[in-house]
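Novice: Contents are TSV, C-alpha atoms; file name structure-v5.tsv:
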```tsv
chain	number	residue	atom	x	y	z
A	56	MET	CA	-25.59	1.24	-42.65
A	57	ILE	CA	-24.23	-2.25	-42.79
A	58	ASP	CA	-24.89	-4.77	-40.11
A	59	GLU	CA	-22.26	-4.80	-37.34
A	60	LYS	CA	-21.66	-8.55	-37.67
A	61	GLU	CA	-21.05	-8.14	-41.37
A	62	PHE	CA	-18.68	-5.24	-40.71
A	63	ILE	CA	-16.67	-7.30	-38.18
A	64	LYS	CA	-16.47	-10.08	-40.73
A	65	GLN	CA	-15.04	-7.62	-43.22
A	66	LEU	CA	-12.52	-6.49	-40.63
A	67	LEU	CA	-11.36	-10.07	-40.18
A	68	THR	CA	-11.22	-11.06	-43.84
A	69	PRO	CA	-7.78	-10.25	-45.35
A	70	GLU	CA	-9.26	-9.05	-48.68
A	71	THR	CA	-11.65	-6.54	-47.11
A	72	GLN	CA	-9.69	-5.79	-43.96
A	73	ASN	CA	-7.91	-2.65	-45.15
A	74	THR	CA	-11.01	-0.87	-46.40
A	75	ALA	CA	-13.02	-1.88	-43.36
A	76	PHE	CA	-10.33	-0.73	-40.96
A	77	GLN	CA	-10.09	2.61	-42.78
A	78	LYS	CA	-13.83	3.01	-42.23
A	79	LEU	CA	-13.49	2.09	-38.57
A	80	LEU	CA	-10.77	4.70	-38.20
A	81	SER	CA	-12.73	7.47	-39.88
A	82	ASP	CA	-15.90	6.66	-37.91
A	83	TYR	CA	-14.27	6.50	-34.50
A	84	GLN	CA	-11.15	8.66	-34.54
A	85	LYS	CA	-12.91	11.87	-33.55
A	86	PRO	CA	-15.16	10.59	-30.74
A	87	LEU	CA	-12.37	8.42	-29.34
A	88	TYR	CA	-9.94	11.34	-29.52
A	89	SER	CA	-12.33	13.46	-27.42
A	90	HIS	CA	-12.85	10.63	-24.98
A	91	ILE	CA	-9.13	10.05	-24.51
A	92	ARG	CA	-8.27	13.75	-24.48
A	93	ASN	CA	-10.81	14.30	-21.70
A	94	ILE	CA	-8.93	11.73	-19.62
A	95	VAL	CA	-5.27	12.51	-20.38
A	96	LEU	CA	-5.88	16.25	-20.95
A	97	ASN	CA	-3.04	17.15	-23.31
A	98	HIS	CA	-2.94	16.67	-27.05
A	99	ASP	CA	0.38	14.84	-27.45
A	100	ASP	CA	-0.57	12.23	-24.88
A	101	ALA	CA	-4.02	11.86	-26.45
A	102	ASP	CA	-2.37	11.32	-29.83
A	103	ASP	CA	-0.15	8.53	-28.42
A	104	VAL	CA	-3.01	6.85	-26.60
A	105	LEU	CA	-5.35	7.09	-29.59
A	106	GLN	CA	-2.80	5.41	-31.86
A	107	ASN	CA	-2.20	2.67	-29.30
A	108	THR	CA	-5.94	2.20	-28.95
A	109	PHE	CA	-6.42	1.57	-32.68
A	110	VAL	CA	-3.41	-0.74	-32.79
A	111	LYS	CA	-4.88	-2.72	-29.88
A	112	VAL	CA	-8.30	-2.77	-31.51
A	113	PHE	CA	-6.78	-4.13	-34.70
A	114	GLN	CA	-4.70	-6.74	-32.90
A	115	ASN	CA	-7.62	-7.94	-30.79
A	116	LEU	CA	-10.33	-7.95	-33.42
A	117	LYS	CA	-10.04	-11.70	-33.78
A	118	ASN	CA	-10.87	-12.06	-30.08
A	119	PHE	CA	-13.88	-9.77	-30.28
A	120	LYS	CA	-16.80	-11.99	-29.40
A	121	GLY	CA	-19.58	-9.60	-30.31
A	122	GLU	CA	-21.00	-9.83	-26.79
A	123	SER	CA	-21.05	-6.06	-26.59
A	124	LYS	CA	-21.25	-3.51	-29.36
A	125	LEU	CA	-18.12	-2.64	-31.29
A	126	PHE	CA	-18.64	0.93	-30.08
A	127	SER	CA	-18.56	-0.02	-26.38
A	128	TRP	CA	-15.69	-2.42	-26.88
A	129	MET	CA	-13.54	0.27	-28.53
A	130	TYR	CA	-14.44	2.85	-25.89
A	131	ARG	CA	-13.50	0.33	-23.22
A	132	ILE	CA	-10.09	-0.23	-24.80
A	133	ALA	CA	-9.57	3.52	-25.14
A	134	THR	CA	-10.53	4.11	-21.50
A	135	ASN	CA	-8.17	1.42	-20.25
A	136	GLU	CA	-5.34	2.67	-22.42
A	137	ALA	CA	-5.83	6.25	-21.23
A	138	LEU	CA	-6.00	5.31	-17.55
A	139	THR	CA	-2.96	3.04	-17.82
A	140	PHE	CA	-1.09	5.80	-19.62
A	141	LEU	CA	-1.94	8.30	-16.89
A	142	SER	CA	-0.86	6.05	-14.06
A	143	GLN	CA	2.39	5.13	-15.82
A	144	LYS	CA	3.16	8.76	-16.52
A	145	ALA	CA	2.48	9.68	-12.89
A	146	LYS	CA	4.66	6.80	-11.71
A	147	LEU	CA	7.52	7.88	-13.98
A	148	SER	CA	7.29	11.43	-12.67
A	149	GLY	CA	7.13	10.13	-9.10
A	150	ILE	CA	3.88	11.94	-8.31
A	151	SER	CA	0.26	10.91	-7.79
A	152	SER	CA	-2.17	10.79	-10.69
A	153	GLU	CA	-4.11	13.68	-9.14
A	154	ASP	CA	-0.97	15.85	-8.89
A	155	LEU	CA	-0.08	15.02	-12.47
A	156	GLN	CA	-3.54	16.06	-13.69
A	157	ASN	CA	-3.38	19.27	-11.66
A	158	LYS	CA	-0.03	20.07	-13.21
A	159	THR	CA	-1.40	19.46	-16.70
A	160	ILE	CA	-4.43	21.66	-15.97
A	161	ASP	CA	-2.11	24.45	-14.78
A	162	GLY	CA	-0.39	24.23	-18.14
A	163	LEU	CA	-3.65	24.35	-20.10
A	164	LYS	CA	-3.65	28.15	-20.43
A	165	ALA	CA	-0.49	27.90	-22.50
A	166	ASP	CA	-1.75	24.86	-24.43
A	167	LEU	CA	-2.24	25.67	-28.10
A	168	TYR	CA	-4.91	23.03	-28.37
A	169	PHE	CA	-7.03	24.23	-25.48
A	170	ASP	CA	-9.61	26.83	-26.15
A	171	GLY	CA	-11.06	27.63	-22.78
A	172	ASP	CA	-11.37	30.34	-20.19
A	173	GLU	CA	-11.30	30.51	-16.38
A	174	ILE	CA	-14.54	28.62	-15.81
A	175	GLN	CA	-13.38	25.73	-17.98
A	176	ILE	CA	-10.11	25.48	-16.08
A	177	LYS	CA	-11.97	25.67	-12.78
A	178	LEU	CA	-14.31	22.91	-13.92
A	179	GLN	CA	-11.32	20.73	-14.83
A	180	LYS	CA	-9.78	21.38	-11.42
A	181	ALA	CA	-13.03	20.42	-9.75
A	182	ILE	CA	-13.21	17.18	-11.75
A	183	VAL	CA	-9.70	16.17	-10.62
A	184	THR	CA	-10.88	16.16	-7.00
A	185	LEU	CA	-13.37	13.36	-7.80
A	186	PRO	CA	-12.70	9.63	-7.52
A	187	GLU	CA	-11.63	8.07	-10.84
A	188	LYS	CA	-14.99	6.44	-11.58
A	189	GLN	CA	-16.93	9.64	-10.97
A	190	GLN	CA	-14.50	11.56	-13.16
A	191	LEU	CA	-15.10	9.13	-16.01
A	192	VAL	CA	-18.86	9.17	-15.63
A	193	PHE	CA	-18.98	12.95	-15.47
A	194	LYS	CA	-16.78	13.44	-18.52
A	195	MET	CA	-18.67	10.87	-20.58
A	196	LYS	CA	-22.06	12.25	-19.63
A	197	TYR	CA	-21.43	15.99	-19.50
A	198	PHE	CA	-18.75	16.60	-22.15
A	199	GLU	CA	-19.25	13.66	-24.50
A	200	GLU	CA	-23.01	13.48	-24.00
A	201	LEU	CA	-23.11	9.70	-24.10
A	202	LYS	CA	-26.29	7.96	-22.97
A	203	TYR	CA	-26.36	6.24	-19.58
A	204	GLU	CA	-26.95	2.92	-21.35
A	205	GLU	CA	-23.85	3.43	-23.47
A	206	ILE	CA	-21.71	4.42	-20.49
A	207	ALA	CA	-23.02	1.42	-18.55
A	208	ASP	CA	-22.00	-0.87	-21.38
A	209	ILE	CA	-18.54	0.69	-21.62
A	210	LEU	CA	-17.77	0.70	-17.91
A	211	GLY	CA	-19.60	-2.52	-17.10
A	212	THR	CA	-21.86	-1.01	-14.42
A	213	SER	CA	-25.59	-0.57	-14.00
A	214	VAL	CA	-27.43	2.52	-15.16
A	215	GLY	CA	-28.67	3.10	-11.60
A	216	ALA	CA	-25.12	3.14	-10.21
A	217	LEU	CA	-24.05	5.51	-12.96
A	218	LYS	CA	-26.86	7.93	-12.27
A	219	ALA	CA	-25.87	7.99	-8.61
A	220	SER	CA	-22.21	8.51	-9.53
A	221	TYR	CA	-23.09	11.38	-11.87
A	222	HIS	CA	-25.32	12.98	-9.24
A	223	HIS	CA	-22.52	12.83	-6.62
A	224	ALA	CA	-20.01	14.17	-9.14
A	225	VAL	CA	-22.21	17.15	-10.02
A	226	LYS	CA	-22.80	17.99	-6.35
A	227	LYS	CA	-19.07	17.91	-5.56
A	228	ILE	CA	-18.20	19.97	-8.62
A	229	GLU	CA	-20.81	22.61	-7.78
A	230	LEU	CA	-19.50	22.84	-4.23
A	231	TYR	CA	-15.91	23.13	-5.45
A	232	VAL	CA	-16.70	25.88	-7.97
A	233	THR	CA	-18.81	27.79	-5.41
A	234	THR	CA	-16.13	27.72	-2.72
A	235	ASN	CA	-13.01	28.20	-4.84
B	294	MET	CA	-21.67	33.98	-2.50
B	295	LYS	CA	-23.67	32.85	-5.48
B	296	THR	CA	-24.15	29.10	-5.50
B	297	PHE	CA	-22.87	27.52	-8.66
B	298	LYS	CA	-25.37	25.20	-10.34
B	299	LEU	CA	-24.29	23.32	-13.43
B	300	GLU	CA	-27.81	23.09	-14.81
B	301	ASN	CA	-28.34	26.86	-14.51
B	302	GLU	CA	-25.19	27.64	-16.43
B	303	PRO	CA	-24.86	27.57	-20.19
B	304	LYS	CA	-23.23	24.33	-21.25
B	305	ILE	CA	-19.51	24.43	-20.51
B	306	LYS	CA	-17.47	22.79	-23.25
B	307	SER	CA	-14.31	20.88	-22.44
B	308	GLY	CA	-12.30	23.36	-24.47
B	309	PHE	CA	-10.07	20.65	-25.90
B	310	LYS	CA	-9.40	20.75	-29.61
B	311	ALA	CA	-7.19	18.80	-31.93
B	312	PRO	CA	-4.65	20.50	-34.20
B	313	GLU	CA	-5.94	21.46	-37.61
B	314	ASN	CA	-5.72	18.61	-40.15
B	315	TYR	CA	-4.82	16.22	-37.33
B	316	PHE	CA	-7.40	13.69	-38.44
B	317	ASP	CA	-6.52	13.98	-42.12
B	318	ASP	CA	-3.43	11.85	-41.83
B	319	PHE	CA	-4.25	10.04	-38.61
B	320	SER	CA	-5.41	6.81	-40.28
B	321	GLU	CA	-2.25	6.83	-42.36
B	322	LYS	CA	-0.20	7.06	-39.16
B	323	VAL	CA	-2.02	4.15	-37.53
B	324	LEU	CA	-1.76	1.92	-40.61
B	325	GLN	CA	1.95	2.67	-40.84
B	326	GLN	CA	2.36	1.76	-37.19
B	327	LEU	CA	0.49	-1.50	-37.75
B	328	ASN	CA	2.77	-2.41	-40.66
B	329	GLU	CA	5.83	-1.64	-38.58
B	330	LYS	CA	4.55	-3.79	-35.75
B	331	GLU	CA	4.00	-6.69	-38.09
B	332	VAL	CA	7.60	-6.77	-39.32
B	333	LYS	CA	9.25	-5.70	-36.12
B	334	VAL	CA	10.82	-8.69	-34.43
B	335	ILE	CA	11.28	-8.21	-30.75
B	336	PRO	CA	14.28	-10.20	-29.54
B	337	PHE	CA	13.35	-12.84	-27.02
B	338	TYR	CA	15.78	-11.59	-24.41
B	339	LYS	CA	14.19	-8.13	-24.45
B	340	ARG	CA	10.64	-9.32	-24.22
B	341	LYS	CA	11.32	-11.76	-21.47
B	342	LYS	CA	13.74	-9.73	-19.43
B	343	THR	CA	12.28	-10.85	-16.13
B	344	LEU	CA	12.28	-14.46	-17.25
B	345	TRP	CA	15.97	-14.18	-18.01
B	346	MET	CA	16.67	-12.62	-14.69
B	347	ALA	CA	14.81	-15.44	-12.94
B	348	ALA	CA	16.76	-18.03	-14.96
B	349	ALA	CA	20.05	-16.32	-14.07
B	350	ALA	CA	19.12	-16.39	-10.40
B	351	VAL	CA	18.37	-20.13	-10.58
B	352	VAL	CA	21.69	-20.84	-12.35
B	353	GLY	CA	23.55	-18.72	-9.80
B	354	PHE	CA	21.93	-20.63	-6.97
B	355	ALA	CA	22.71	-23.96	-8.64
B	356	ILE	CA	26.38	-22.98	-8.89
B	357	LEU	CA	26.40	-22.17	-5.21
B	358	ILE	CA	25.00	-25.56	-4.14
B	359	PRO	CA	28.36	-27.49	-4.16
B	360	ALA	CA	30.01	-24.60	-2.33
B	361	ILE	CA	27.31	-24.63	0.31
B	362	ASN	CA	27.58	-28.39	0.67
B	363	ASN	CA	31.35	-28.23	1.06
B	364	TYR	CA	31.09	-25.52	3.60
B	365	ARG	CA	28.66	-27.63	5.58
B	366	ALA	CA	30.85	-30.75	5.28
B	367	ASN	CA	33.85	-28.81	6.54
B	368	SER	CA	32.09	-27.36	9.44
B	369	THR	CA	30.56	-30.56	10.84
B	370	ASP	CA	31.93	-32.11	14.01
B	371	LEU	CA	35.24	-33.84	13.88
B	372	ASP	CA	34.97	-37.50	13.18
B	373	GLU	CA	36.28	-39.98	15.71
B	374	ALA	CA	39.36	-41.09	13.74
B	375	THR	CA	40.59	-37.51	13.38
B	376	LEU	CA	40.09	-36.90	17.05
B	377	GLU	CA	41.88	-40.09	17.95
B	378	ASN	CA	44.83	-39.27	15.66
B	379	TYR	CA	45.10	-35.80	17.08
B	380	LEU	CA	45.08	-37.04	20.62
B	381	SER	CA	47.62	-39.78	19.85
B	382	TYR	CA	50.15	-37.84	17.82
B	383	HIS	CA	49.69	-34.11	18.13
B	384	SER	CA	48.63	-33.29	21.61
B	385	ASN	CA	50.62	-33.07	24.73
B	386	ILE	CA	47.90	-34.91	26.59
B	387	SER	CA	49.39	-38.12	27.89
B	388	GLN	CA	47.60	-41.39	28.22
B	389	TYR	CA	47.70	-40.84	31.93
B	390	ASP	CA	45.81	-37.51	31.59
B	391	LEU	CA	43.18	-39.23	29.48
B	392	ILE	CA	42.63	-41.99	31.97
B	393	GLN	CA	42.23	-39.41	34.71
B	394	LYS	CA	39.40	-37.82	32.71
B	395	LEU	CA	37.38	-41.02	32.49
B	396	ASP	CA	34.63	-41.61	35.00
B	397	ASP	CA	32.92	-44.86	35.95
B	398	SER	CA	30.33	-44.73	33.20
B	399	ASP	CA	33.07	-44.20	30.60
B	400	ILE	CA	34.97	-47.19	31.86
B	401	GLU	CA	31.83	-49.28	31.83
B	402	LYS	CA	31.18	-48.18	28.25
B	403	LEU	CA	34.71	-49.04	27.28
B	404	GLY	CA	34.20	-52.47	28.86
B	405	ASN	CA	31.19	-53.00	26.61
B	406	ASP	CA	32.92	-51.71	23.48
B	407	VAL	CA	36.20	-53.53	23.91
B	408	THR	CA	35.66	-57.21	24.36
B	409	LEU	CA	38.78	-58.77	25.65
B	410	GLU	CA	39.33	-62.46	25.79
B	411	ASP	CA	40.39	-63.61	29.23
B	412	GLU	CA	43.57	-64.94	27.67
B	413	THR	CA	44.49	-61.58	26.17
B	414	LEU	CA	43.84	-59.92	29.47
B	415	GLU	CA	46.09	-62.40	31.25
B	416	ASP	CA	48.80	-61.79	28.65
B	417	ILE	CA	48.65	-58.06	29.13
B	418	LEU	CA	48.74	-58.39	32.88
B	419	ALA	CA	51.63	-60.84	32.71
B	420	THR	CA	53.71	-58.79	30.28
B	421	SER	CA	53.00	-55.31	31.48
B	422	PRO	CA	55.84	-54.03	33.58
B	423	ASN	CA	53.70	-51.36	35.25
B	424	ILE	CA	51.05	-53.70	36.47
B	425	GLU	CA	51.79	-53.24	40.11
B	426	HIS	CA	51.81	-49.50	39.77
B	427	LEU	CA	48.44	-49.54	37.94
B	428	ILE	CA	46.82	-51.80	40.51
B	429	SER	CA	48.00	-49.61	43.38
B	430	GLU	CA	46.82	-46.47	41.47
B	431	GLN	CA	43.33	-47.97	41.06
B	432	ASN	CA	43.07	-48.49	44.78
```
If you convert what's in this file into structure tokens, what do you get?

Specialist:
Amino acid sequence: MIDEKEFIKQLLTPETQNTAFQKLLSDYQKPLYSHIRNIVLNHDDADDVLQNTFVKVFQNLKNFKGESKLFSWMYRIATNEALTFLSQKAKLSGISSEDLQNKTIDGLKADLYFDGDEIQIKLQKAIVTLPEKQQLVFKMKYFEELKYEEIADILGTSVGALKASYHHAVKKIELYVTTN
Amino acid sequence: MKTFKLENEPKIKSGFKAPENYFDDFSEKVLQQLNEKEVKVIPFYKRKKTLWMAAAAVVGFAILIPAINNYRANSTDLDEATLENYLSYHSNISQYDLIQKLDDSDIEKLGNDVTLEDETLEDILATSPNIEHLISEQN
């Protein structure tokens, strides 16, 4: 595997840019798709947000300082894009973000690109009741199985705070599933 | 009711999946979008819609300034000359009515404002046919 600094250099050099960007796309498209899909919930929206994410990544590569890993930086862009998309969509529909997510979850049964049963839908409904930060932490830890250190780097928080957030999220989800 | 514990359950997957072959042409789609963005020229007026609106508001306000000034000029108190002309030529208030309205302080003020030479005063008194009537009125 080539050094990250070298790879970024390739991304910024016009002669090597195309090949390097193709590699970036093939390495990250699947994990970033899952990450975004877990936030926006439906495929079409995830497709839009994923494309925008890569366009933003490409446009901002020259500003990438290398202070964090390319991985965290791209996840951060994807997270911001997905959250912005959700709030704009909710605003356009004139409902809250939570109501929008609930509506999308209700439509999941008929979604061609959702392969889940009752418990999965219930879990999604439980997640929507959490504050935004806890939702993110839970999805990244439980579904995407990212390490606490990676999540901390992406969200810019400490590992300790993340562990606490995840713990609270799990407790609330368990209570929701038990009582509903 | 059985208490639900995430750690006791088999791992629950998110259930989300992408359409088949979705990733096969995804990079193509992104690269195409990037090329389009590079050549696409966004007109200035579209990008800076709010800026234009702000500029229009400033221009509109600037146009209104003379109107506002005129309105203010028109609505200020009447100047003395206009008042004097009105009283002299257009009103049915006679000189006599005006004199009746003056009190001592007004007369004193008039005395300060109008400086009459003794000679002029004598002339007026000598030539005025109503002098006797005025003197008796004053008393």

Novice: Find the residues in chain A near chain B: any atom within 10 Å counts, using all atoms listed in the file. Write them as an mmCIF file with C-alpha atoms, in the frame of the given file.

Specialist:
```cif
data_model
loop_
_atom_site.group_PDB
_atom_site.id
_atom_site.type_symbol
_atom_site.label_atom_id
_atom_site.label_comp_id
_atom_site.auth_asym_id
_atom_site.auth_seq_id
_atom_site.Cartn_x
_atom_site.Cartn_y
_atom_site.Cartn_z
ATOM 1 C CA ASN A 73 -7.910 -2.650 -45.150
ATOM 2 C CA PHE A 76 -10.330 -0.730 -40.960
ATOM 3 C CA GLN A 77 -10.090 2.610 -42.780
ATOM 4 C CA LYS A 78 -13.830 3.010 -42.230
ATOM 5 C CA LEU A 79 -13.490 2.090 -38.570
ATOM 6 C CA LEU A 80 -10.770 4.700 -38.200
ATOM 7 C CA SER A 81 -12.730 7.470 -39.880
ATOM 8 C CA GLN A 84 -11.150 8.660 -34.540
ATOM 9 C CA LYS A 85 -12.910 11.870 -33.550
ATOM 10 C CA TYR A 88 -9.940 11.340 -29.520
ATOM 11 C CA SER A 89 -12.330 13.460 -27.420
ATOM 12 C CA ARG A 92 -8.270 13.750 -24.480
ATOM 13 C CA ASN A 93 -10.810 14.300 -21.700
ATOM 14 C CA LEU A 96 -5.880 16.250 -20.950
ATOM 15 C CA ASN A 97 -3.040 17.150 -23.310
ATOM 16 C CA HIS A 98 -2.940 16.670 -27.050
ATOM 17 C CA ASP A 99 0.380 14.840 -27.450
ATOM 18 C CA ALA A 101 -4.020 11.860 -26.450
ATOM 19 C CA ASP A 102 -2.370 11.320 -29.830
ATOM 20 C CA LEU A 105 -5.350 7.090 -29.590
ATOM 21 C CA GLN A 106 -2.800 5.410 -31.860
ATOM 22 C CA ASN A 107 -2.200 2.670 -29.300
ATOM 23 C CA THR A 108 -5.940 2.200 -28.950
ATOM 24 C CA PHE A 109 -6.420 1.570 -32.680
ATOM 25 C CA VAL A 110 -3.410 -0.740 -32.790
ATOM 26 C CA LYS A 111 -4.880 -2.720 -29.880
ATOM 27 C CA PHE A 113 -6.780 -4.130 -34.700
ATOM 28 C CA GLN A 114 -4.700 -6.740 -32.900
ATOM 29 C CA LEU A 163 -3.650 24.350 -20.100
ATOM 30 C CA ASP A 166 -1.750 24.860 -24.430
ATOM 31 C CA LEU A 167 -2.240 25.670 -28.100
ATOM 32 C CA TYR A 168 -4.910 23.030 -28.370
ATOM 33 C CA PHE A 169 -7.030 24.230 -25.480
ATOM 34 C CA ASP A 170 -9.610 26.830 -26.150
ATOM 35 C CA GLY A 171 -11.060 27.630 -22.780
ATOM 36 C CA ASP A 172 -11.370 30.340 -20.190
ATOM 37 C CA ILE A 174 -14.540 28.620 -15.810
ATOM 38 C CA GLN A 175 -13.380 25.730 -17.980
ATOM 39 C CA ILE A 176 -10.110 25.480 -16.080
ATOM 40 C CA LEU A 178 -14.310 22.910 -13.920
ATOM 41 C CA GLN A 179 -11.320 20.730 -14.830
ATOM 42 C CA LYS A 194 -16.780 13.440 -18.520
ATOM 43 C CA TYR A 197 -21.430 15.990 -19.500
ATOM 44 C CA PHE A 198 -18.750 16.600 -22.150
ATOM 45 C CA GLU A 199 -19.250 13.660 -24.500
ATOM 46 C CA VAL A 225 -22.210 17.150 -10.020
ATOM 47 C CA LYS A 226 -22.800 17.990 -6.350
ATOM 48 C CA ILE A 228 -18.200 19.970 -8.620
ATOM 49 C CA GLU A 229 -20.810 22.610 -7.780
ATOM 50 C CA LEU A 230 -19.500 22.840 -4.230
ATOM 51 C CA TYR A 231 -15.910 23.130 -5.450
ATOM 52 C CA VAL A 232 -16.700 25.880 -7.970
ATOM 53 C CA THR A 233 -18.810 27.790 -5.410
ATOM 54 C CA THR A 234 -16.130 27.720 -2.720
#
```

Novice: Write out as an mmCIF file with C-alpha atoms, keeping the file's coordinate frame the residues lying within 10 Å of Thr184 in chain A, counting only C-alpha atoms and excluding same-chain residues fewer than 5 positions away.

Specialist:
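So the final result, stored in part11.cif, reads:
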```
data_model
loop_
_atom_site.group_PDB
_atom_site.id
_atom_site.type_symbol
_atom_site.label_atom_id
_atom_site.label_comp_id
_atom_site.auth_asym_id
_atom_site.auth_seq_id
_atom_site.Cartn_x
_atom_site.Cartn_y
_atom_site.Cartn_z
ATOM 1 C CA GLU A 153 -4.110 13.680 -9.140
ATOM 2 C CA GLN A 156 -3.540 16.060 -13.690
ATOM 3 C CA ASN A 157 -3.380 19.270 -11.660
ATOM 4 C CA GLN A 179 -11.320 20.730 -14.830
ATOM 5 C CA GLN A 189 -16.930 9.640 -10.970
ATOM 6 C CA GLN A 190 -14.500 11.560 -13.160
ATOM 7 C CA ALA A 224 -20.010 14.170 -9.140
ATOM 8 C CA LYS A 227 -19.070 17.910 -5.560
ATOM 9 C CA ILE A 228 -18.200 19.970 -8.620
ATOM 10 C CA TYR A 231 -15.910 23.130 -5.450
#
```

Novice: Give the answer as one residue: which of A:Ile63, A:Ile160, A:Leu141, A:Ala75 has the shortest atom-to-atom distance to Val95 in chain A, using only C-alpha atoms?

Specialist: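 For Val95 in chain A, the nearest of the candidates is A:Leu141.
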
Novice: Which one of A:Ile209, A:Ile91, A:Ala165, A:Val192 sits closest to Ser127 in chain A if you count only C-alpha atoms?

Specialist: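 With only C-alpha atoms as the atom set, the closest residue is A:Ile209.
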
Novice: Neighbours of Thr139 in chain A within 10 Å (all atoms listed in the file; same-chain residues fewer than 6 positions away dropped), as a list in words?

Specialist: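 Counting only the stated atoms, we get Val104, Ala133 and Ala145 of chain A.
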
Novice: Point out the residue among A:Lys124, A:Lys146, A:Lys64, A:Arg131 with the least atom-to-atom distance to Leu87 in chain A, counting all atoms listed in the file.

Specialist: A:Arg131

Novice: Using CA of Phe126 in chain A and CA of Gln325 in chain B as the two end points, give the distance in Å to one decimal.

Specialist: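 Interatomic distance, CA of Phe126 in chain A to CA of Gln325 in chain B: 23.3 Å.
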
Novice: One decimal, Å: what's the distance from CA of Ile182 in chain A over to CA of Ser148 in chain A, could you say?

Specialist: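 CA of Ile182 in chain A sits 21.3 Å away from CA of Ser148 in chain A.
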
Novice: Just give me the gap between CA of Glu187 in chain A and CA of Thr212 in chain A in Å, one decimal is fine.

Specialist: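 A separation of 14.1 Å between them.
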
Novice: Identify which of the residues A:Asn235, A:Lys188, A:Lys60, A:Lys164 lies closest to Ala219 in chain A, counting all atoms listed in the file when measuring atom-to-atom distances.

Specialist: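 Once distances to Ala219 in chain A are computed over all atoms listed in the file, the minimum belongs to A:Lys188.
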